[in-house]
$ cat data_22.pdb   # PDB, C-alpha atoms
ATOM      1  CA  GLN A   1       9.941 -21.972 -15.912
ATOM      2  CA  VAL A   2       8.354 -18.870 -14.449
ATOM      3  CA  GLN A   3      10.408 -15.701 -14.654
ATOM      4  CA  LEU A   4       9.717 -12.344 -13.059
ATOM      5  CA  VAL A   5      11.677  -9.252 -14.047
ATOM      6  CA  GLU A   6      11.326  -5.986 -12.153
ATOM      7  CA  SER A   7      12.163  -2.517 -13.383
ATOM      8  CA  GLY A   8      11.494   1.088 -12.464
ATOM      9  CA  GLY A   9      13.528   1.518  -9.313
ATOM     10  CA  GLY A  10      15.846   4.435  -8.742
ATOM     11  CA  LEU A  11      16.705   7.443  -6.632
ATOM     12  CA  VAL A  12      13.964   9.939  -5.820
ATOM     13  CA  GLN A  13      13.494  12.764  -3.349
ATOM     14  CA  ALA A  14      11.043  12.500  -0.488
ATOM     15  CA  GLY A  15       7.549  13.316  -1.694
ATOM     16  CA  GLY A  16       8.281  12.038  -5.178
ATOM     17  CA  SER A  17       6.841   9.126  -7.128
ATOM     18  CA  LEU A  18       8.045   5.991  -8.855
ATOM     19  CA  ARG A  19       6.289   3.200 -10.713
ATOM     20  CA  LEU A  20       7.668  -0.297 -10.511
ATOM     21  CA  SER A  21       6.891  -2.881 -13.174
ATOM     22  CA  CYS A  22       7.135  -6.662 -13.066
ATOM     23  CA  VAL A  23       6.957  -8.556 -16.328
ATOM     24  CA  PHE A  24       6.287 -12.252 -15.855
ATOM     25  CA  SER A  25       6.169 -15.378 -17.959
ATOM     26  CA  GLY A  26       3.768 -18.295 -17.806
ATOM     27  CA  SER A  27       0.006 -18.579 -17.813
ATOM     28  CA  ILE A  28      -1.909 -16.003 -15.814
ATOM     29  CA  PHE A  29      -4.485 -18.645 -14.970
ATOM     30  CA  SER A  30      -2.105 -20.475 -12.627
ATOM     31  CA  ILE A  31      -1.490 -17.420 -10.421
ATOM     32  CA  ASN A  32      -3.051 -17.627  -6.960
ATOM     33  CA  ALA A  33      -1.461 -14.470  -5.625
ATOM     34  CA  MET A  34       0.937 -11.826  -6.841
ATOM     35  CA  GLY A  35       2.469  -8.886  -5.128
ATOM     36  CA  TRP A  36       5.381  -6.772  -4.047
ATOM     37  CA  TYR A  37       7.691  -7.252  -1.086
ATOM     38  CA  ARG A  38      10.569  -5.130   0.093
ATOM     39  CA  GLN A  39      13.670  -5.597   2.187
ATOM     40  CA  ALA A  40      15.603  -2.765   3.805
ATOM     41  CA  PRO A  41      19.175  -3.240   5.057
ATOM     42  CA  GLY A  42      19.223  -5.172   8.318
ATOM     43  CA  LYS A  43      15.504  -5.899   8.169
ATOM     44  CA  GLU A  44      13.368  -8.843   7.149
ATOM     45  CA  ARG A  45      11.538  -8.951   3.857
ATOM     46  CA  GLU A  46       8.006  -7.590   4.265
ATOM     47  CA  LEU A  47       4.835  -7.548   2.233
ATOM     48  CA  VAL A  48       4.070  -4.204   0.604
ATOM     49  CA  ALA A  49       0.955  -5.084  -1.391
ATOM     50  CA  ASN A  50      -0.589  -8.068  -3.116
ATOM     51  CA  ILE A  51      -3.540  -9.230  -5.177
ATOM     52  CA  ILE A  52      -5.252 -12.475  -4.192
ATOM     53  CA  ASN A  53      -7.127 -14.480  -6.827
ATOM     54  CA  GLU A  54      -7.281 -11.468  -9.185
ATOM     55  CA  SER A  55      -9.659  -9.563  -6.939
ATOM     56  CA  ARG A  56      -8.738  -8.906  -3.323
ATOM     57  CA  THR A  57      -5.925  -6.452  -2.666
ATOM     58  CA  ASN A  58      -3.937  -6.031   0.531
ATOM     59  CA  TYR A  59      -1.588  -3.265   1.594
ATOM     60  CA  ALA A  60       0.840  -2.837   4.443
ATOM     61  CA  ASP A  61      -0.400  -0.168   6.841
ATOM     62  CA  SER A  62       2.717   1.888   6.169
ATOM     63  CA  VAL A  63       1.868   2.320   2.465
ATOM     64  CA  LYS A  64      -1.942   2.564   2.502
ATOM     65  CA  GLY A  65      -3.136   5.626   0.651
ATOM     66  CA  ARG A  66       0.245   6.134  -1.013
ATOM     67  CA  PHE A  67       0.907   2.956  -3.035
ATOM     68  CA  THR A  68      -1.346   1.248  -5.571
ATOM     69  CA  ILE A  69      -0.900  -2.246  -6.957
ATOM     70  CA  SER A  70      -2.351  -3.157 -10.336
ATOM     71  CA  ARG A  71      -1.965  -5.690 -13.126
ATOM     72  CA  ASP A  72      -2.381  -5.773 -16.884
ATOM     73  CA  ASN A  73      -3.092  -9.346 -17.953
ATOM     74  CA  ALA A  74      -2.758  -8.500 -21.634
ATOM     75  CA  LYS A  75       0.834  -7.422 -21.018
ATOM     76  CA  ASN A  76       1.687 -10.028 -18.346
ATOM     77  CA  THR A  77       2.747  -7.127 -16.171
ATOM     78  CA  MET A  78       2.145  -6.066 -12.598
ATOM     79  CA  TYR A  79       2.730  -2.537 -11.336
ATOM     80  CA  LEU A  80       3.313  -0.727  -8.087
ATOM     81  CA  GLN A  81       2.609   2.993  -8.225
ATOM     82  CA  MET A  82       4.370   4.662  -5.317
ATOM     83  CA  ASN A  83       3.459   8.241  -4.417
ATOM     84  CA  SER A  84       4.468  10.519  -1.548
ATOM     85  CA  LEU A  85       7.604   8.475  -1.033
ATOM     86  CA  LYS A  86       9.390   8.660   2.303
ATOM     87  CA  PRO A  87      13.003   7.852   3.238
ATOM     88  CA  GLU A  88      11.712   4.828   5.151
ATOM     89  CA  ASP A  89      10.463   3.382   1.862
ATOM     90  CA  THR A  90      14.089   2.847   0.855
ATOM     91  CA  ALA A  91      14.589  -0.862   0.159
ATOM     92  CA  VAL A  92      15.036  -3.494  -2.502
ATOM     93  CA  TYR A  93      11.605  -4.243  -3.935
ATOM     94  CA  TYR A  94      10.793  -7.758  -5.101
ATOM     95  CA  CYS A  95       8.053  -9.037  -7.342
ATOM     96  CA  HIS A  96       6.419 -12.233  -6.083
ATOM     97  CA  GLN A  97       3.960 -14.787  -7.375
ATOM     98  CA  ASN A  98       2.430 -17.906  -5.907
ATOM     99  CA  ARG A  99       1.351 -20.513  -8.428
ATOM    100  CA  TRP A 100      -0.190 -23.740  -7.153
ATOM    101  CA  GLY A 101       1.678 -23.440  -3.870
ATOM    102  CA  PHE A 102       5.062 -22.578  -5.346
ATOM    103  CA  ASP A 103       6.680 -19.213  -4.732
ATOM    104  CA  TYR A 104       8.528 -17.301  -7.439
ATOM    105  CA  TRP A 105      10.628 -14.172  -6.988
ATOM    106  CA  GLY A 106      12.184 -11.555  -9.177
ATOM    107  CA  GLN A 107      15.754 -10.364  -8.774
ATOM    108  CA  GLY A 108      14.734  -7.129  -7.049
ATOM    109  CA  THR A 109      14.999  -3.455  -7.886
ATOM    110  CA  GLN A 110      16.506  -0.819  -5.606
ATOM    111  CA  VAL A 111      14.400   2.132  -4.493
ATOM    112  CA  THR A 112      16.202   4.916  -2.650
ATOM    113  CA  VAL A 113      14.351   7.907  -1.232
ATOM    114  CA  SER A 114      16.476  10.849  -0.139
ATOM    115  CA  SER A 115      15.361  13.309   2.528
TER     116      SER A 115
END

$ encode --input "data_22.pdb" --output "structure tokens"
Amino acid sequence: QVQLVESGGGLVQAGGSLRLSCVFSGSIFSINAMGWYRQAPGKERELVANIINESRTNYADSVKGRFTISRDNAKNTMYLQMNSLKPEDTAVYYCHQNRWGFDYWGQGTQVTVSS
């Protein structure tokens, strides 16, 4: 059973930074894609950033230049470094993986950016 556990969320002022972590179980060799999604109140869940086949990275236009996704295979951990945070970044952030066509999600971590 694959498990994903996020941490690192919290309350931060606009312009501040946070780093989210996602520790996952299972073999890294079965991962096709991994990334971060977020869902704000009243809105649909949206892609923030992901890594495809360990090489190609994608970012939502709204976070380009401010957020950086990375992974540490030795630690089975994925990160999302978030800089220059804005109030509109406020949401629950979810870790996601796709393994052989199956989607796995973490429980989510709240990020709140005050103005």

$ closest_residue --input "data_22.pdb" --among "A:Asn53, A:Ser7, A:Asn83, A:Gln110" --to "Leu20 in chain A" --atoms "all atoms listed in the file"
A:Ser7

$ closest_residue --input "data_22.pdb" --among "A:Gly35, A:Pro87, A:Gly9, A:Gly42" --to "Asn58 in chain A" --atoms "all atoms listed in the file"
A:Gly35

$ residues_around --input "data_22.pdb" --residues "Trp100 in chain A" --least-positions-apart "4" --cutoff "8 Å" --atoms "only C-alpha atoms" --output "list in words"
Ser30, Ile31 and Asn32 of chain A

$ residues_near_point --input "data_22.pdb" --point "(0.1, -7.0, -20.1)" --cutoff "12 Å" --atoms "all atoms listed in the file" --output "count of residues only"
17

$ resolve_selection --input "data_22.pdb" --expression "the PyMOL selection byres ((chain A and resi 112) around 12)" --output "CSV table (one decimal) with C-alpha atoms, in the frame of the given file"
chain,number,residue,atom,x,y,z
A,8,GLY,CA,11.5,1.1,-12.5
A,9,GLY,CA,13.5,1.5,-9.3
A,10,GLY,CA,15.8,4.4,-8.7
A,11,LEU,CA,16.7,7.4,-6.6
A,12,VAL,CA,14.0,9.9,-5.8
A,13,GLN,CA,13.5,12.8,-3.3
A,14,ALA,CA,11.0,12.5,-0.5
A,16,GLY,CA,8.3,12.0,-5.2
A,17,SER,CA,6.8,9.1,-7.1
A,18,LEU,CA,8.0,6.0,-8.9
A,38,ARG,CA,10.6,-5.1,0.1
A,39,GLN,CA,13.7,-5.6,2.2
A,40,ALA,CA,15.6,-2.8,3.8
A,41,PRO,CA,19.2,-3.2,5.1
A,85,LEU,CA,7.6,8.5,-1.0
A,86,LYS,CA,9.4,8.7,2.3
A,87,PRO,CA,13.0,7.9,3.2
A,88,GLU,CA,11.7,4.8,5.2
A,89,ASP,CA,10.5,3.4,1.9
A,90,THR,CA,14.1,2.8,0.9
A,91,ALA,CA,14.6,-0.9,0.2
A,92,VAL,CA,15.0,-3.5,-2.5
A,93,TYR,CA,11.6,-4.2,-3.9
A,109,THR,CA,15.0,-3.5,-7.9
A,110,GLN,CA,16.5,-0.8,-5.6
A,111,VAL,CA,14.4,2.1,-4.5
A,113,VAL,CA,14.4,7.9,-1.2
A,114,SER,CA,16.5,10.8,-0.1
A,115,SER,CA,15.4,13.3,2.5

$ atom_distance --input "data_22.pdb" --atom1 "CA of Gly101 in chain A" --atom2 "CA of Lys43 in chain A"
25.4 Å

$ residues_around --input "data_22.pdb" --residues "Cys95 in chain A" --least-positions-apart "6" --cutoff "8 Å" --atoms "only C-alpha atoms" --output "number ranges by chain"
A: 4-6, 22, 34-37, 105-108

$ atom_distance --input "data_22.pdb" --atom1 "CA of Tyr59 in chain A" --atom2 "CA of Gln1 in chain A"
28.1 Å

$ closest_residue --input "data_22.pdb" --among "A:Gly15, A:Phe67, A:Phe29, A:Tyr94" --to "Glu46 in chain A" --atoms "all atoms listed in the file"
A:Tyr94

$ atom_distance --input "data_22.pdb" --atom1 "CA of Gly26 in chain A" --atom2 "CA of Val2 in chain A"
5.7 Å

$ resolve_selection --input "data_22.pdb" --expression "the PyMOL selection byres ((chain A and resi 66) around 7)" --output "PyMOL selection string"
chain A and resi 63-65+67-68+82-84

$ build_atoms --input "data_22.pdb" --residues "range 28-47 of chain A" --atoms "N, CA and C atoms" --output "short mmCIF file (atom, residue, chain, number, x, y, z; two decimals), in the coordinates of the input"
data_model
loop_
_atom_site.label_atom_id
_atom_site.label_comp_id
_atom_site.auth_asym_id
_atom_site.auth_seq_id
_atom_site.Cartn_x
_atom_site.Cartn_y
_atom_site.Cartn_z
N ILE A 28 -1.34 -16.80 -16.91
CA ILE A 28 -1.91 -16.00 -15.81
C ILE A 28 -2.94 -16.81 -15.03
N PHE A 29 -3.43 -17.88 -15.61
CA PHE A 29 -4.49 -18.64 -14.97
C PHE A 29 -3.98 -19.50 -13.82
N SER A 30 -2.66 -19.67 -13.71
CA SER A 30 -2.10 -20.48 -12.63
C SER A 30 -1.70 -19.63 -11.42
N ILE A 31 -1.93 -18.31 -11.49
CA ILE A 31 -1.49 -17.42 -10.42
C ILE A 31 -2.55 -17.35 -9.31
N ASN A 32 -2.15 -17.74 -8.11
CA ASN A 32 -3.05 -17.63 -6.96
C ASN A 32 -2.94 -16.26 -6.30
N ALA A 33 -1.71 -15.77 -6.24
CA ALA A 33 -1.46 -14.47 -5.62
C ALA A 33 -0.23 -13.85 -6.27
N MET A 34 -0.23 -12.54 -6.34
CA MET A 34 0.94 -11.83 -6.84
C MET A 34 1.07 -10.52 -6.09
N GLY A 35 2.30 -10.09 -5.91
CA GLY A 35 2.47 -8.89 -5.13
C GLY A 35 3.89 -8.38 -5.09
N TRP A 36 4.08 -7.41 -4.23
CA TRP A 36 5.38 -6.77 -4.05
C TRP A 36 5.81 -6.88 -2.58
N TYR A 37 7.07 -7.22 -2.40
CA TYR A 37 7.69 -7.25 -1.09
C TYR A 37 8.88 -6.30 -1.13
N ARG A 38 9.37 -5.95 0.04
CA ARG A 38 10.57 -5.13 0.09
C ARG A 38 11.44 -5.54 1.27
N GLN A 39 12.73 -5.28 1.12
CA GLN A 39 13.67 -5.60 2.19
C GLN A 39 14.66 -4.46 2.32
N ALA A 40 14.66 -3.83 3.49
CA ALA A 40 15.60 -2.76 3.80
C ALA A 40 16.83 -3.38 4.47
N PRO A 41 17.96 -2.70 4.44
CA PRO A 41 19.18 -3.24 5.06
C PRO A 41 18.96 -3.57 6.54
N GLY A 42 19.35 -4.77 6.93
CA GLY A 42 19.22 -5.17 8.32
C GLY A 42 17.83 -5.56 8.76
N LYS A 43 16.89 -5.57 7.82
CA LYS A 43 15.50 -5.90 8.17
C LYS A 43 15.02 -7.11 7.38
N GLU A 44 13.95 -7.71 7.85
CA GLU A 44 13.37 -8.84 7.15
C GLU A 44 12.54 -8.37 5.96
N ARG A 45 12.39 -9.26 5.01
CA ARG A 45 11.54 -8.95 3.86
C ARG A 45 10.10 -8.84 4.34
N GLU A 46 9.38 -7.82 3.83
CA GLU A 46 8.01 -7.59 4.26
C GLU A 46 7.09 -7.39 3.07
N LEU A 47 5.84 -7.75 3.26
CA LEU A 47 4.84 -7.55 2.23
C LEU A 47 4.51 -6.06 2.12
#
